[in-house]
Protein chains: 2
Amino acid sequence: MGLPGGFEFTGIACGIKPSGKLDLAVVSVKNPCVAVGVYTQNIVRAASIEWNQRLTPTEGFMAIVVNSGNANACTGQQGIDDNQTIAAIAAQHLEAEEDQVLVLSTGVIGQHLPMPETIKGVEKAISELGDSQDHFERATKAILTTDKGPKTVESVVATNSGEIRIAGMAKGAGMIGPKMATMLAIIISDAKISPEKAQQILNRAVEQSFNRISVEGHTSTNDALVMICNGNSEIEVDSEESILAFEKAITENCIELAKQIPADGEGASHLITIDINGATNDQQAECVARTVAASALVKTAVTGSDPNWGRIVSAAGYAGAEMDVSKTSLRLNGFLVFENGQPVEFDEKQVSRALQNQFETLIELTIGLGTGAARHWTSDLTQEYVRFNSEYTT
Amino acid sequence: MGLPGGFEFTGIACGIKPSGKLDLAVVSVKNPCVAVGVYTQNIVRAASIEWNQRLTPTEGFMAIVVNSGNANACTGQQGIDDNQTIAAIAAQHLEAEEDQVLVLSTGVIGQHLPMPETIKGVEKAISELGDSQDHFERATKAILTTDKGPKTVESVVATNSGEIRIAGMAKGAGMIGPKMATMLAIIISDAKISPEKAQQILNRAVEQSFNRISVEGHTSTNDALVMICNGNSEIEVDSEESILAFEKAITENCIELAKQIPADGEGASHLITIDINGATNDQQAECVARTVAASALVKTAVTGSDPNWGRIVSAAGYAGAEMDVSKTSLRLNGFLVFENGQPVEFDEKQVSRALQNQFETLIELTIGLGTGAARHWTSDLTQEYVRFNSEYTT
């Protein structure tokens with residue numbers, strides 16, 4: 001489809017990751033442009049999050065530097081100073097101000113960044129910026145930590161005035177919690193839009209996408225989603241029609257990008273979609289969806305292709321939402337297993353096979369009280385997740 | 001120490017569990033006495049829970065029938081009828097009314113009880129009642145499901161008027177959620193006490209014990225704690241001094257019994273104690289303790305003896321409680337690893353060895369804002385937990 005014009009990318013290995021893998025990415029623009037962000041609601045926030053929160057929304061964005069392998073969180077004043085140094089070095093080489101440079105960090109919490117390597121890395125990365133698909137791909141790889149591979153989206157929005165292009169990249173496979181924008185993600189577009197409108201659109205898109213995913217429900221200190229709109233298309237997003245079209249496309253791109261995170265959840269063998277219907281309102285439906293998604297017993301049942309539906313109904317029951325069991329029904333991958341409070345006779349082996357043979361598991365729970373609905377995506381919980389996370393730093 | 005007098009016990013195998021293990025217990029008294037209960041806050045409740053909630057607190061208690069291997073939850077009207085039949089059959093053989101018989105069920109959700117076997121089982125169990133230590137032990141075994149072994153307490157309270165005896169039994173290793181009285185437990189005592197006082201004491205004891213434990217945080221449909229006081233000691237618990245002494249003993253017994261549940265958590269290799277201090281108030285401290293306890297990343301770090309303390313601090317940060325990171329400090333098994341918002345240099349191998357060599361892990365987090373404190377117990381998360389719960393029903 002082609003990337004939005006007017007952006008440059010790079011991804012290099014500078015030595016933050018002991019493995020020698022790519023660990024530093026830069027995304028930059030030629031002229032100051034709009035950037036907006038949504039950040040973690042964790043009280044414990046990385047230095048980069050505090051930095052970006054002060055600077056966005058902005059019309060003066062010039063570049064974003066992303067390092068992986070080190071979260072620079074819980075690192076006190078030195079962490080704050082290191083973050084500023086990264087922005088200052090990048091600004092110097094891009095002929096910009098440090099306040100025009102955003103920073104994202106992801107990786108282990110509580111360790112200081114290796115600054116000599118990082119500074120050299122920022123200089124090298126900027127010297128290698130380019131606008132090719134290959135440059136973009138190197139950036140999408142350099143932001144990863146425990147991910148199996150890059151997570152990207154690209155799309156084109158047709159408006160009355162012409163086409164707007166959108167592309168996005170994300171990282172995240174663990175420490176994925178559902179209370180806010182989760183993980184790291186960057187959306188770029190050549191749309192011409194005001195920071196206020198861009199921020200509103202991003203906030204609403206996040207509610208339907210990044211706020212609806214989880215792996216183990218642990219909200220990270222570094223979650224951030226940044227959207228950059230450089231106006232390169234010369235197409236103004238200001239009419240009602242163009243705003244609707246752009247918001248629809250941004251939301252769809254955010255959902256597509258967000259779903260790739262639990263699909264690549266650490267050790268995951270299934271992507272689970274949880275559809276709640278018939279709740280008193282959407283908020284209550286979301287609360288039920290989130291609680292079912294957080295249940296280790298639901299996740300391990302899916303891992304084992306076990307149609308043990310009592311775990312799902314009982315998780316819904318402690319979500320804190322209104323529920324009438326006698327009006328509650330449940331389908332697993334389309335098979336009705338519980339109807340209006342009564343168990344339904346079904347072929348356990350057939351349902352188990354359906355769970356086993358498909359990577360995507362669909363849980364449809366109808367509460368039967370009202371019209372509230374919500375959808376949430378999560379990964380299952382495998383022995384591999386536990387093995388992996390028992391061996392992370394040591 | 002000896003059991004409280006005036007109680008009889010039994011535990012038999014009647015065929016509810018396909019394995020042929022003990023699956024039906026009865027605890028009974030000679031004369032009607034006080035019984036109080038605390039039950040799950042899950043909206044999805046087993047037939048037995050609804051039954052007991054209607055009957056307690058009571059002064060007319062005669063017996064409690066407990067079956068394991070089947071939760072009789074999500075079973076609609078038939079489940080309600082089956083539960084009533086159990087109480088009616090027991091009452092008939094004990095020369096009591098059905099409303100004097102409580103029922104507890106635990107096991108798989110959504111399946112109907114095998115009633116012919118269960119009815120014969122109740123009759124057989126009652127014919128074998130006795131007051132020996134052996135009878136008590138058979139009952140403590142018959143209430144178990146995935147537990148490795150019985151969970152019991154016994155103690156004696158000295159009051160000015162003489163000694164009161166207390167004993168208790170519990171079951172629970174999975175589906176242990178922290179929002180209310182969790183699992184099944186029965187506390188018996190020969191104290192003479194009013195139902196109102198007994199209920200108040202049990203409610204407060206639960207707040208410090210069964211409401212402070214978790215395995216994976218999944219609140220079950222069948223959680224129940226019943227305390228029976230038969231007055232056999234002839235010692236009235238009505239003076240301020242005797243109430244204080246009795247409440248202290250009940251609370252200590254509840255804590256000791258409750259801790260045995262995460263210590264026997266499915267697949268657990270560590271019992272984790274989480275002490276939160278310095279929160280704005282006790283409620284906020286509890287919220288932080290519960291959130292840290294629920295984190296799969298904290299649990300797996302303990303499993304792997306990994307002093308990856310960032311996972312603990314970041315979990316505290318999304319608990320929803322007030323927190324000032326620059327005043328926050330953390331100790332792991334006594335080792336200071338994070339102090340006033342700054343990482344502390346420590347010997348990772350030494351701390352890892354300390355985590356590895358001890359079954360009990362101590363996490364001490366000080367928030368530095370006020371005097372709020374809370375303690376919570378949980379198990380770690382192992383590959384064995386996942387293996388076990390991926391293979392449960394099928």
# chains A, B, ... in the order shown; residues from 1 in each chain; ligands from 1

$ select_by_dssp --residues "region 148-335 of chain B" --states "strand (DSSP E)" --output "NGL selection string"
:B and (151-159 or 162-171 or 184-189 or 213-214 or 224-229 or 271-279 or 329-332 or 335)

$ calpha_fit_and_write --fixed "chain A" --moving "chain B" --output "short mmCIF file (atom, residue, chain, number, x, y, z; two decimals) with C-alpha atoms, in the first residue's frame"
data_model
loop_
_atom_site.label_atom_id
_atom_site.label_comp_id
_atom_site.auth_asym_id
_atom_site.auth_seq_id
_atom_site.Cartn_x
_atom_site.Cartn_y
_atom_site.Cartn_z
CA MET B 1 0.00 0.04 -0.01
CA GLY B 2 2.92 2.32 0.63
CA LEU B 3 3.86 4.30 3.71
CA PRO B 4 2.69 7.85 4.43
CA GLY B 5 5.13 10.29 2.82
CA GLY B 6 7.38 12.68 4.69
CA PHE B 7 8.55 10.26 7.37
CA GLU B 8 12.00 8.74 7.88
CA PHE B 9 12.86 5.67 9.91
CA THR B 10 15.81 3.75 11.25
CA GLY B 11 16.56 0.81 13.52
CA ILE B 12 20.01 -0.16 14.81
CA ALA B 13 21.76 -2.21 17.51
CA CYS B 14 23.68 -0.01 19.93
CA GLY B 15 24.38 -2.40 22.80
CA ILE B 16 21.47 -1.85 25.21
CA LYS B 17 20.41 -5.48 24.64
CA PRO B 18 23.19 -7.89 25.66
CA SER B 19 22.02 -10.16 22.82
CA GLY B 20 23.21 -7.67 20.21
CA LYS B 21 19.74 -7.46 18.63
CA LEU B 22 18.28 -4.21 17.25
CA ASP B 23 17.47 -1.95 20.21
CA LEU B 24 17.18 1.66 19.02
CA ALA B 25 14.68 3.15 16.56
CA VAL B 26 14.05 6.70 15.36
CA VAL B 27 11.04 8.04 13.45
CA SER B 28 11.43 11.61 12.23
CA VAL B 29 9.80 14.23 10.00
CA LYS B 30 11.26 17.03 7.89
CA ASN B 31 9.10 19.85 9.27
CA PRO B 32 7.48 20.29 12.69
CA CYS B 33 4.10 18.51 12.82
CA VAL B 34 1.28 17.26 15.03
CA ALA B 35 1.88 14.49 17.56
CA VAL B 36 -0.48 13.26 20.28
CA GLY B 37 -0.11 10.47 22.81
CA VAL B 38 -1.94 8.25 25.29
CA TYR B 39 0.11 6.94 28.22
CA THR B 40 0.00 4.41 31.03
CA GLN B 41 -2.20 5.16 34.03
CA ASN B 42 0.29 3.41 36.30
CA ILE B 43 1.42 5.75 39.11
CA VAL B 44 4.90 4.28 38.68
CA ARG B 45 5.89 5.82 35.34
CA ALA B 46 9.08 5.69 33.36
CA ALA B 47 11.13 8.85 32.80
CA SER B 48 10.10 8.76 29.13
CA ILE B 49 6.39 8.83 30.00
CA GLU B 50 6.73 11.93 32.17
CA TRP B 51 8.75 13.55 29.38
CA ASN B 52 6.18 12.83 26.65
CA GLN B 53 3.20 13.77 28.80
CA ARG B 54 4.66 17.25 29.19
CA LEU B 55 5.23 17.63 25.43
CA THR B 56 2.06 16.25 23.81
CA PRO B 57 -0.27 17.20 22.21
CA THR B 58 2.08 19.29 20.09
CA GLU B 59 2.37 20.92 16.66
CA GLY B 60 6.16 21.02 16.95
CA PHE B 61 7.04 17.32 16.78
CA MET B 62 10.29 16.49 14.95
CA ALA B 63 11.32 12.98 16.06
CA ILE B 64 10.73 10.09 18.40
CA VAL B 65 13.56 7.93 19.77
CA VAL B 66 12.64 4.44 20.98
CA ASN B 67 14.95 2.14 22.91
CA SER B 68 14.17 -1.46 23.77
CA GLY B 69 15.87 -3.67 26.37
CA ASN B 70 15.69 -1.14 29.20
CA ALA B 71 12.53 0.59 30.53
CA ASN B 72 14.39 3.39 32.33
CA ALA B 73 11.67 3.17 35.02
CA CYS B 74 12.18 3.31 38.82
CA THR B 75 15.56 4.90 38.12
CA GLY B 76 15.11 8.18 40.02
CA GLN B 77 16.74 11.47 39.02
CA GLN B 78 19.45 9.75 36.98
CA GLY B 79 16.77 8.17 34.81
CA ILE B 80 15.17 11.57 34.22
CA ASP B 81 18.55 13.06 33.29
CA ASP B 82 19.38 10.17 30.95
CA ASN B 83 16.04 10.57 29.18
CA GLN B 84 16.68 14.28 28.65
CA THR B 85 20.17 13.55 27.31
CA ILE B 86 18.70 11.22 24.67
CA ALA B 87 16.29 13.93 23.51
CA ALA B 88 19.04 16.57 23.55
CA ILE B 89 21.49 14.48 21.50
CA ALA B 90 18.81 13.64 18.95
CA ALA B 91 17.71 17.28 18.73
CA GLN B 92 21.29 18.44 18.17
CA HIS B 93 21.75 16.10 15.19
CA LEU B 94 18.30 16.88 13.74
CA GLU B 95 18.67 20.65 14.11
CA ALA B 96 15.68 20.71 16.43
CA GLU B 97 14.95 21.62 20.05
CA GLU B 98 15.00 18.87 22.68
CA ASP B 99 11.32 19.61 23.41
CA GLN B 100 10.54 18.54 19.83
CA VAL B 101 11.83 15.02 20.48
CA LEU B 102 9.71 12.36 22.18
CA VAL B 103 11.29 9.30 23.84
CA LEU B 104 9.92 5.77 24.40
CA SER B 105 11.70 3.10 26.45
CA THR B 106 10.76 -0.54 27.03
CA GLY B 107 12.48 -3.45 28.77
CA VAL B 108 13.64 -4.33 32.26
CA ILE B 109 12.58 -2.01 35.10
CA GLY B 110 15.02 -0.59 37.64
CA GLN B 111 18.30 -0.56 35.73
CA HIS B 112 20.16 2.49 34.44
CA LEU B 113 20.62 2.88 30.68
CA PRO B 114 24.17 2.33 29.40
CA MET B 115 24.52 5.97 28.35
CA PRO B 116 27.79 5.97 26.33
CA GLU B 117 26.37 3.22 24.07
CA THR B 118 22.95 4.87 23.94
CA ILE B 119 24.33 8.28 22.95
CA LYS B 120 26.50 6.76 20.20
CA GLY B 121 23.45 4.76 19.14
CA VAL B 122 21.25 7.85 18.75
CA GLU B 123 23.93 9.54 16.62
CA LYS B 124 24.37 6.46 14.44
CA ALA B 125 20.60 5.91 14.08
CA ILE B 126 20.04 9.48 12.90
CA SER B 127 22.85 9.19 10.36
CA GLU B 128 21.07 6.17 8.84
CA LEU B 129 17.53 7.61 8.54
CA GLY B 130 15.65 6.85 5.33
CA ASP B 131 12.10 6.58 3.97
CA SER B 132 12.18 3.13 2.35
CA GLN B 133 10.06 0.14 3.38
CA ASP B 134 13.29 -1.44 4.57
CA HIS B 135 14.02 1.49 6.89
CA PHE B 136 10.48 1.21 8.29
CA GLU B 137 10.92 -2.50 8.89
CA ARG B 138 14.19 -1.99 10.75
CA ALA B 139 12.40 0.44 13.08
CA THR B 140 9.54 -2.03 13.69
CA LYS B 141 12.12 -4.63 14.73
CA ALA B 142 14.21 -2.34 16.94
CA ILE B 143 11.28 -1.59 19.29
CA LEU B 144 10.65 -5.27 20.21
CA THR B 145 11.55 -7.08 23.44
CA THR B 146 9.98 -10.52 24.04
CA ASP B 147 7.85 -10.30 20.86
CA LYS B 148 8.19 -13.11 18.34
CA GLY B 149 8.09 -10.62 15.46
CA PRO B 150 7.10 -7.10 14.36
CA LYS B 151 3.50 -5.90 14.68
CA THR B 152 2.47 -3.48 11.93
CA VAL B 153 -0.51 -2.05 10.06
CA GLU B 154 -0.84 -0.01 6.89
CA SER B 155 -3.98 1.43 5.35
CA VAL B 156 -5.38 4.09 3.07
CA VAL B 157 -8.40 6.30 3.85
CA ALA B 158 -10.34 7.63 0.89
CA THR B 159 -11.86 11.05 1.54
CA ASN B 160 -13.60 13.50 -0.81
CA SER B 161 -10.36 15.44 -1.09
CA GLY B 162 -8.11 12.44 -1.77
CA GLU B 163 -6.25 9.66 0.00
CA ILE B 164 -4.71 9.70 3.48
CA ARG B 165 -2.17 7.03 4.37
CA ILE B 166 -1.78 5.47 7.81
CA ALA B 167 0.88 3.10 9.12
CA GLY B 168 1.60 1.80 12.59
CA MET B 169 3.98 -0.31 14.61
CA ALA B 170 3.65 -1.81 18.09
CA LYS B 171 5.55 -3.96 20.54
CA GLY B 172 4.23 -6.01 23.42
CA ALA B 173 3.89 -9.63 24.47
CA GLY B 174 4.06 -9.49 28.26
CA MET B 175 3.17 -7.03 31.04
CA ILE B 176 0.01 -6.28 29.06
CA GLY B 177 -2.69 -4.82 31.29
CA PRO B 178 -6.06 -3.59 30.29
CA LYS B 179 -6.48 -0.37 32.25
CA MET B 180 -5.18 2.03 29.62
CA ALA B 181 -3.18 2.33 26.45
CA THR B 182 -0.94 -0.67 26.77
CA MET B 183 2.53 -1.37 25.37
CA LEU B 184 4.40 0.83 22.90
CA ALA B 185 2.85 1.81 19.60
CA ILE B 186 3.41 4.49 17.01
CA ILE B 187 0.81 5.44 14.41
CA ILE B 188 1.92 7.70 11.58
CA SER B 189 -0.22 9.42 8.99
CA ASP B 190 0.12 12.08 6.33
CA ALA B 191 -3.22 13.61 7.37
CA LYS B 192 -3.37 17.35 8.04
CA ILE B 193 -5.20 17.66 11.37
CA SER B 194 -5.19 19.82 14.48
CA PRO B 195 -3.60 18.44 17.65
CA GLU B 196 -6.94 18.73 19.48
CA LYS B 197 -8.85 16.67 16.90
CA ALA B 198 -6.02 14.17 16.64
CA GLN B 199 -5.98 13.71 20.42
CA GLN B 200 -9.77 13.21 20.57
CA ILE B 201 -9.68 10.64 17.79
CA LEU B 202 -6.79 8.76 19.38
CA ASN B 203 -8.45 8.72 22.81
CA ARG B 204 -11.63 7.20 21.38
CA ALA B 205 -9.74 4.70 19.23
CA VAL B 206 -7.74 3.54 22.26
CA GLU B 207 -10.93 2.82 24.18
CA GLN B 208 -11.93 0.29 21.50
CA SER B 209 -8.51 -1.23 20.93
CA PHE B 210 -5.46 -0.95 23.17
CA ASN B 211 -7.66 -0.62 26.26
CA ARG B 212 -9.37 -3.88 25.32
CA ILE B 213 -6.42 -6.23 25.34
CA SER B 214 -4.51 -8.09 28.00
CA VAL B 215 -1.97 -10.84 28.41
CA GLU B 216 -1.65 -11.22 32.17
CA GLY B 217 -3.23 -7.93 33.14
CA HIS B 218 -0.07 -6.29 34.48
CA THR B 219 -0.11 -2.61 33.52
CA SER B 220 3.38 -1.55 32.57
CA THR B 221 5.28 1.54 33.66
CA ASN B 222 6.05 2.42 30.04
CA ASP B 223 2.83 1.95 28.04
CA ALA B 224 2.54 4.58 25.36
CA LEU B 225 0.82 5.11 22.05
CA VAL B 226 1.95 8.08 19.97
CA MET B 227 0.23 9.22 16.78
CA ILE B 228 2.11 11.52 14.41
CA CYS B 229 0.30 13.36 11.58
CA ASN B 230 2.64 15.30 9.32
CA GLY B 231 0.15 16.78 6.83
CA ASN B 232 2.20 15.53 3.91
CA SER B 233 -0.95 14.52 1.99
CA GLU B 234 -2.13 18.17 2.11
CA ILE B 235 -5.56 16.70 2.95
CA GLU B 236 -7.22 18.57 5.80
CA VAL B 237 -9.14 16.41 8.23
CA ASP B 238 -11.62 19.03 9.37
CA SER B 239 -14.97 18.35 7.72
CA GLU B 240 -17.41 16.06 9.51
CA GLU B 241 -17.09 13.53 6.71
CA SER B 242 -13.28 13.46 6.75
CA ILE B 243 -13.11 13.28 10.55
CA LEU B 244 -15.50 10.31 10.57
CA ALA B 245 -13.54 8.53 7.84
CA PHE B 246 -10.20 9.23 9.50
CA GLU B 247 -11.42 8.20 12.97
CA LYS B 248 -12.89 4.98 11.57
CA ALA B 249 -9.58 4.14 9.90
CA ILE B 250 -7.50 5.03 12.97
CA THR B 251 -9.79 2.91 15.19
CA GLU B 252 -9.58 -0.05 12.80
CA ASN B 253 -5.80 0.26 12.60
CA CYS B 254 -5.53 0.48 16.39
CA ILE B 255 -7.72 -2.63 16.78
CA GLU B 256 -5.70 -4.55 14.20
CA LEU B 257 -2.43 -3.52 15.85
CA ALA B 258 -3.72 -4.14 19.38
CA LYS B 259 -4.98 -7.66 18.59
CA GLN B 260 -1.49 -8.63 17.42
CA ILE B 261 -0.26 -8.17 21.00
CA PRO B 262 -2.25 -10.91 22.81
CA ALA B 263 -1.95 -13.04 19.64
CA ASP B 264 1.80 -12.90 20.31
CA GLY B 265 1.33 -13.08 24.12
CA GLU B 266 4.26 -14.75 25.82
CA GLY B 267 3.84 -18.49 25.31
CA ALA B 268 0.32 -18.03 23.91
CA SER B 269 -1.29 -20.91 22.03
CA HIS B 270 -4.67 -19.19 21.52
CA LEU B 271 -5.96 -15.66 20.90
CA ILE B 272 -9.21 -15.40 22.89
CA THR B 273 -11.96 -12.98 21.83
CA ILE B 274 -14.49 -12.27 24.58
CA ASP B 275 -17.83 -10.84 23.47
CA ILE B 276 -20.20 -9.71 26.19
CA ASN B 277 -23.78 -8.81 25.26
CA GLY B 278 -26.95 -7.97 27.13
CA ALA B 279 -25.29 -6.12 30.02
CA THR B 280 -27.00 -3.17 31.70
CA ASN B 281 -24.67 -0.82 29.83
CA ASP B 282 -21.41 -0.85 27.87
CA GLN B 283 -19.33 -0.06 30.94
CA GLN B 284 -20.69 -3.08 32.81
CA ALA B 285 -20.14 -5.25 29.74
CA GLU B 286 -16.53 -4.08 29.62
CA CYS B 287 -16.08 -4.88 33.29
CA VAL B 288 -17.33 -8.45 32.70
CA ALA B 289 -15.17 -8.86 29.57
CA ARG B 290 -12.07 -7.69 31.45
CA THR B 291 -12.72 -9.97 34.42
CA VAL B 292 -13.24 -13.05 32.21
CA ALA B 293 -10.08 -12.11 30.29
CA ALA B 294 -8.10 -11.87 33.54
CA SER B 295 -9.10 -15.30 34.84
CA ALA B 296 -6.20 -17.75 34.89
CA LEU B 297 -8.75 -20.56 35.09
CA VAL B 298 -10.52 -19.42 31.90
CA LYS B 299 -7.16 -19.03 30.13
CA THR B 300 -5.85 -22.46 31.18
CA ALA B 301 -9.13 -24.10 30.16
CA VAL B 302 -8.64 -22.66 26.65
CA THR B 303 -4.99 -23.77 26.69
CA GLY B 304 -6.16 -27.31 27.36
CA SER B 305 -9.06 -27.10 24.84
CA ASP B 306 -11.27 -27.85 27.82
CA PRO B 307 -14.95 -26.75 27.46
CA ASN B 308 -15.08 -26.18 31.25
CA TRP B 309 -17.56 -23.32 30.86
CA GLY B 310 -18.29 -23.00 34.62
CA ARG B 311 -15.03 -21.09 34.91
CA ILE B 312 -16.31 -18.46 32.47
CA VAL B 313 -19.74 -18.02 34.06
CA SER B 314 -18.23 -17.88 37.56
CA ALA B 315 -15.66 -15.27 36.48
CA ALA B 316 -18.49 -13.12 35.09
CA GLY B 317 -20.23 -13.50 38.45
CA TYR B 318 -17.47 -11.79 40.42
CA ALA B 319 -16.86 -8.97 37.96
CA GLY B 320 -18.93 -6.57 40.00
CA ALA B 321 -21.47 -5.98 37.23
CA GLU B 322 -25.21 -6.65 37.40
CA MET B 323 -26.09 -10.13 36.21
CA ASP B 324 -29.10 -12.44 36.33
CA VAL B 325 -27.87 -16.03 36.05
CA SER B 326 -31.29 -17.27 34.94
CA LYS B 327 -31.01 -15.02 31.87
CA THR B 328 -27.37 -15.81 31.14
CA SER B 329 -26.24 -17.93 28.18
CA LEU B 330 -22.83 -18.90 26.83
CA ARG B 331 -21.41 -20.07 23.52
CA LEU B 332 -17.90 -21.46 22.98
CA ASN B 333 -16.69 -21.20 19.39
CA GLY B 334 -20.37 -21.07 18.41
CA PHE B 335 -21.49 -24.07 20.49
CA LEU B 336 -24.25 -23.35 23.02
CA VAL B 337 -23.14 -24.78 26.40
CA PHE B 338 -25.23 -22.82 28.96
CA GLU B 339 -28.67 -21.34 28.33
CA ASN B 340 -30.77 -19.18 30.65
CA GLY B 341 -29.06 -20.46 33.77
CA GLN B 342 -29.19 -24.16 32.84
CA PRO B 343 -26.42 -26.43 31.57
CA VAL B 344 -26.99 -27.56 27.96
CA GLU B 345 -26.09 -31.08 26.88
CA PHE B 346 -23.37 -30.91 24.27
CA ASP B 347 -20.72 -33.14 22.75
CA GLU B 348 -17.66 -32.33 24.90
CA LYS B 349 -15.26 -33.97 22.47
CA GLN B 350 -16.61 -31.99 19.52
CA VAL B 351 -16.30 -28.66 21.35
CA SER B 352 -12.85 -29.60 22.64
CA ARG B 353 -11.72 -30.39 19.09
CA ALA B 354 -13.08 -27.03 17.90
CA LEU B 355 -11.04 -25.27 20.62
CA GLN B 356 -7.95 -27.30 19.79
CA ASN B 357 -8.04 -26.86 16.03
CA GLN B 358 -8.41 -23.07 15.98
CA PHE B 359 -5.88 -20.47 17.09
CA GLU B 360 -8.75 -18.03 17.74
CA THR B 361 -11.20 -18.91 20.52
CA LEU B 362 -14.55 -17.10 20.68
CA ILE B 363 -16.34 -16.74 24.03
CA GLU B 364 -19.84 -15.24 23.67
CA LEU B 365 -21.59 -14.49 26.94
CA THR B 366 -25.10 -13.00 26.94
CA ILE B 367 -26.28 -11.61 30.26
CA GLY B 368 -29.84 -10.83 29.12
CA LEU B 369 -30.43 -7.63 31.08
CA GLY B 370 -29.96 -4.80 28.56
CA THR B 371 -28.10 -3.70 25.47
CA GLY B 372 -24.59 -3.16 26.91
CA ALA B 373 -21.86 -4.81 24.84
CA ALA B 374 -18.06 -5.04 24.89
CA ARG B 375 -15.30 -6.97 23.18
CA HIS B 376 -11.92 -7.83 24.72
CA TRP B 377 -8.95 -9.82 23.43
CA THR B 378 -6.52 -11.84 25.50
CA SER B 379 -4.06 -14.71 25.20
CA ASP B 380 -4.33 -18.07 26.94
CA LEU B 381 -1.99 -19.05 29.78
CA THR B 382 0.51 -21.77 29.02
CA GLN B 383 3.34 -23.54 30.80
CA GLU B 384 5.60 -21.73 28.35
CA TYR B 385 4.40 -18.34 29.73
CA VAL B 386 5.38 -19.44 33.24
CA ARG B 387 8.68 -20.94 32.14
CA PHE B 388 9.54 -17.78 30.23
CA ASN B 389 8.65 -15.40 33.06
CA SER B 390 10.41 -17.46 35.71
CA GLU B 391 13.64 -17.04 33.77
CA TYR B 392 13.51 -13.42 32.64
CA THR B 393 16.30 -11.45 34.32
CA THR B 394 18.37 -14.04 36.17
#

$ select_by_dssp --residues "region 71-242 of chain A" --states "alpha helix (DSSP H)" --output "MDAnalysis selection string"
chainID A and resid 76:94 115:127 133:142 195:208 240:242
